[in-house]
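Participant: Can you read through this structure? Questions will come right after.
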Amino acid sequence: MHETLKEIKSKFRLYMNGMISQSMRDKGMDYKLNFGIEYPRIKEIAAEYEPNHDLAQALWKENIRECKIMAGLLQPVDSFYQDIAEIWIEDIHYPELAEYTVMNLFQHLPYASEVIFPWMADEREYFQVCGFLLTARLIMQGLQLDDRAEAEFFDQAFTGLESDSLQVRKAAATALRKYGTRSKNNWKKISRPLGLLCKSDKPDVCALADEIKNEIEYCLQSF
């Protein structure tokens, strides 16, 4: 395992991009090491290895941006239990990593639909972020919500739009966009509360609600 990790890191060094790495640091991405490698290249390198639980766990424990992204690509879903997923979320501090981990791993978990509501309701920032991003992904896959689940989703998402956390607001907005663009009926269900937020006395909330509304309406024009 040590030799494999060493080999992977040596490949990262070959593709290091100092300008991108510096730009990320300037934006607050304070990893111990950040090679600044673009995602498609990380995915290419990951494709050279078979999915492996121990390797993925070892990669995640490295405080290196590219290692953590690759961990989500190499972690088998059948050995990635909920308690491990939540340990990973506790170690997520940047929206980019949340997005890639949800896309590459969380959305494929057999229990994904069971964790979205506890995560959205969690007080911890990145549990909420992952909960909303995962909900968005599942909606894109055709997730059907019954009346009770739908009401809870609306409650969490509209509360999220007014969160003090910018990342939670953005993630909640993503989930609402995906829900609203699925059908005109879905749009009808959220148009009124969204319209009320467009009149919010909080400029950021008002602008975000207006942005969601305009995007959904534009997308539905093609239906």
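Residues in the structure tokens are numbered from 1 in each chain, the chains being A, B, ... in the order shown, and ligands are numbered from 1 in the order shown.
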Produce a table with one row for each residue of range 98-210 of chain A that has an atom at most 12 Å from any atom of range 68-74 of chain A, each row naming the nearest atom pair and its distance in Å at one decimal; use only C-alpha atoms; arrange rows by chain and rising residue number; format as CSV.

Facilitator:
residue,atom,partner,partner_atom,distance
A:Ala98,CA,A:Ile69,CA,9.3
A:Glu99,CA,A:Ile69,CA,9.7
A:Tyr100,CA,A:Ile69,CA,6.6
A:Thr101,CA,A:Gly72,CA,5.3
A:Val102,CA,A:Gly72,CA,8.3
A:Met103,CA,A:Gly72,CA,8.7
A:Asn104,CA,A:Leu73,CA,5.7
A:Leu105,CA,A:Gly72,CA,5.5
A:Phe106,CA,A:Gly72,CA,8.4
A:Gln107,CA,A:Gly72,CA,11.0
A:His108,CA,A:Gly72,CA,10.9
A:Leu109,CA,A:Gly72,CA,11.6

Participant: Store the residues picked out above in a file with N, CA and C atoms, as a PDB file, in the first residue's frame.

Facilitator:
ATOM      1  N   ALA A  98     -16.711  18.179  -1.920  1.00  0.00           N
ATOM      2  CA  ALA A  98     -18.075  17.688  -1.690  1.00  0.00           C
ATOM      3  C   ALA A  98     -18.735  17.293  -3.011  1.00  0.00           C
ATOM      4  N   GLU A  99     -18.592  18.142  -4.025  1.00  0.00           N
ATOM      5  CA  GLU A  99     -19.215  17.878  -5.320  1.00  0.00           C
ATOM      6  C   GLU A  99     -18.658  16.618  -5.962  1.00  0.00           C
ATOM      7  N   TYR A 100     -17.338  16.456  -5.959  1.00  0.00           N
ATOM      8  CA  TYR A 100     -16.739  15.281  -6.590  1.00  0.00           C
ATOM      9  C   TYR A 100     -17.054  14.003  -5.821  1.00  0.00           C
ATOM     10  N   THR A 101     -17.060  14.074  -4.491  1.00  0.00           N
ATOM     11  CA  THR A 101     -17.317  12.883  -3.691  1.00  0.00           C
ATOM     12  C   THR A 101     -18.767  12.440  -3.838  1.00  0.00           C
ATOM     13  N   VAL A 102     -19.690  13.391  -3.890  1.00  0.00           N
ATOM     14  CA  VAL A 102     -21.096  13.056  -4.125  1.00  0.00           C
ATOM     15  C   VAL A 102     -21.271  12.454  -5.517  1.00  0.00           C
ATOM     16  N   MET A 103     -20.652  13.070  -6.510  1.00  0.00           N
ATOM     17  CA  MET A 103     -20.795  12.606  -7.898  1.00  0.00           C
ATOM     18  C   MET A 103     -20.174  11.225  -8.107  1.00  0.00           C
ATOM     19  N   ASN A 104     -18.974  11.032  -7.596  1.00  0.00           N
ATOM     20  CA  ASN A 104     -18.232   9.805  -7.879  1.00  0.00           C
ATOM     21  C   ASN A 104     -18.602   8.639  -6.978  1.00  0.00           C
ATOM     22  N   LEU A 105     -19.099   8.928  -5.782  1.00  0.00           N
ATOM     23  CA  LEU A 105     -19.319   7.859  -4.815  1.00  0.00           C
ATOM     24  C   LEU A 105     -20.693   7.875  -4.165  1.00  0.00           C
ATOM     25  N   PHE A 106     -21.041   8.951  -3.501  1.00  0.00           N
ATOM     26  CA  PHE A 106     -22.253   8.960  -2.682  1.00  0.00           C
ATOM     27  C   PHE A 106     -23.516   8.638  -3.474  1.00  0.00           C
ATOM     28  N   GLN A 107     -23.619   9.158  -4.708  1.00  0.00           N
ATOM     29  CA  GLN A 107     -24.866   8.934  -5.450  1.00  0.00           C
ATOM     30  C   GLN A 107     -25.061   7.467  -5.848  1.00  0.00           C
ATOM     31  N   HIS A 108     -24.001   6.673  -5.780  1.00  0.00           N
ATOM     32  CA  HIS A 108     -24.086   5.262  -6.153  1.00  0.00           C
ATOM     33  C   HIS A 108     -24.318   4.342  -4.951  1.00  0.00           C
ATOM     34  N   LEU A 109     -24.355   4.897  -3.762  1.00  0.00           N
ATOM     35  CA  LEU A 109     -24.507   4.079  -2.558  1.00  0.00           C
ATOM     36  C   LEU A 109     -25.918   3.498  -2.470  1.00  0.00           C
TER      37      LEU A 109
END

Participant: Contacts between range 5-29 of chain A and range 93-190 of chain A, please, where a residue of range 93-190 of chain A counts if it comes within 10 Å (with only C-alpha atoms); show its shortest atom pair and distance in Å to one decimal, rows by chain and ascending number, as a tab-separated table.

Facilitator:
residue	atom	partner	partner_atom	distance
A:His93	CA	A:Met29	CA	8.4
A:Tyr94	CA	A:Met29	CA	6.9
A:Pro95	CA	A:Met29	CA	9.7
A:Glu96	CA	A:Met29	CA	9.5

Participant: Per DSSP on the backbone, what are the alpha helix (DSSP H) residues of range 52-97 of chain A, as a short mmCIF file (atom, residue, chain, number, x, y, z; two decimals) with C-alpha atoms, in the first residue's frame?

Facilitator:
data_model
loop_
_atom_site.label_atom_id
_atom_site.label_comp_id
_atom_site.auth_asym_id
_atom_site.auth_seq_id
_atom_site.Cartn_x
_atom_site.Cartn_y
_atom_site.Cartn_z
CA HIS A 53 -11.28 -0.22 -0.22
CA ASP A 54 -7.95 -0.10 1.59
CA LEU A 55 -6.34 2.04 -1.10
CA ALA A 56 -9.27 4.46 -1.15
CA GLN A 57 -9.22 4.78 2.63
CA ALA A 58 -5.47 5.40 2.59
CA LEU A 59 -5.85 8.05 -0.12
CA TRP A 60 -8.60 9.81 1.83
CA LYS A 61 -6.44 10.02 4.94
CA ARG A 65 -6.43 17.44 -2.70
CA GLU A 66 -5.84 14.97 -5.53
CA CYS A 67 -5.64 11.98 -3.18
CA LYS A 68 -9.02 12.79 -1.66
CA ILE A 69 -10.66 13.24 -5.06
CA MET A 70 -9.17 9.94 -6.27
CA ALA A 71 -10.38 8.18 -3.11
CA GLY A 72 -13.97 8.75 -4.19
CA LEU A 73 -13.18 7.27 -7.60
CA LEU A 74 -11.58 4.10 -6.19
CA GLN A 82 -22.85 4.84 6.31
CA ASP A 83 -20.61 5.38 9.33
CA ILE A 84 -17.58 5.56 7.02
CA ALA A 85 -19.40 7.99 4.73
CA GLU A 86 -20.10 10.27 7.67
CA ILE A 87 -16.47 10.11 8.82
CA TRP A 88 -15.52 11.26 5.32
CA ILE A 89 -18.00 14.15 5.42
CA GLU A 90 -16.49 15.34 8.69
CA PRO A 95 -17.27 22.61 -1.94
CA GLU A 96 -15.20 21.14 -4.77
CA LEU A 97 -14.43 18.01 -2.75
#
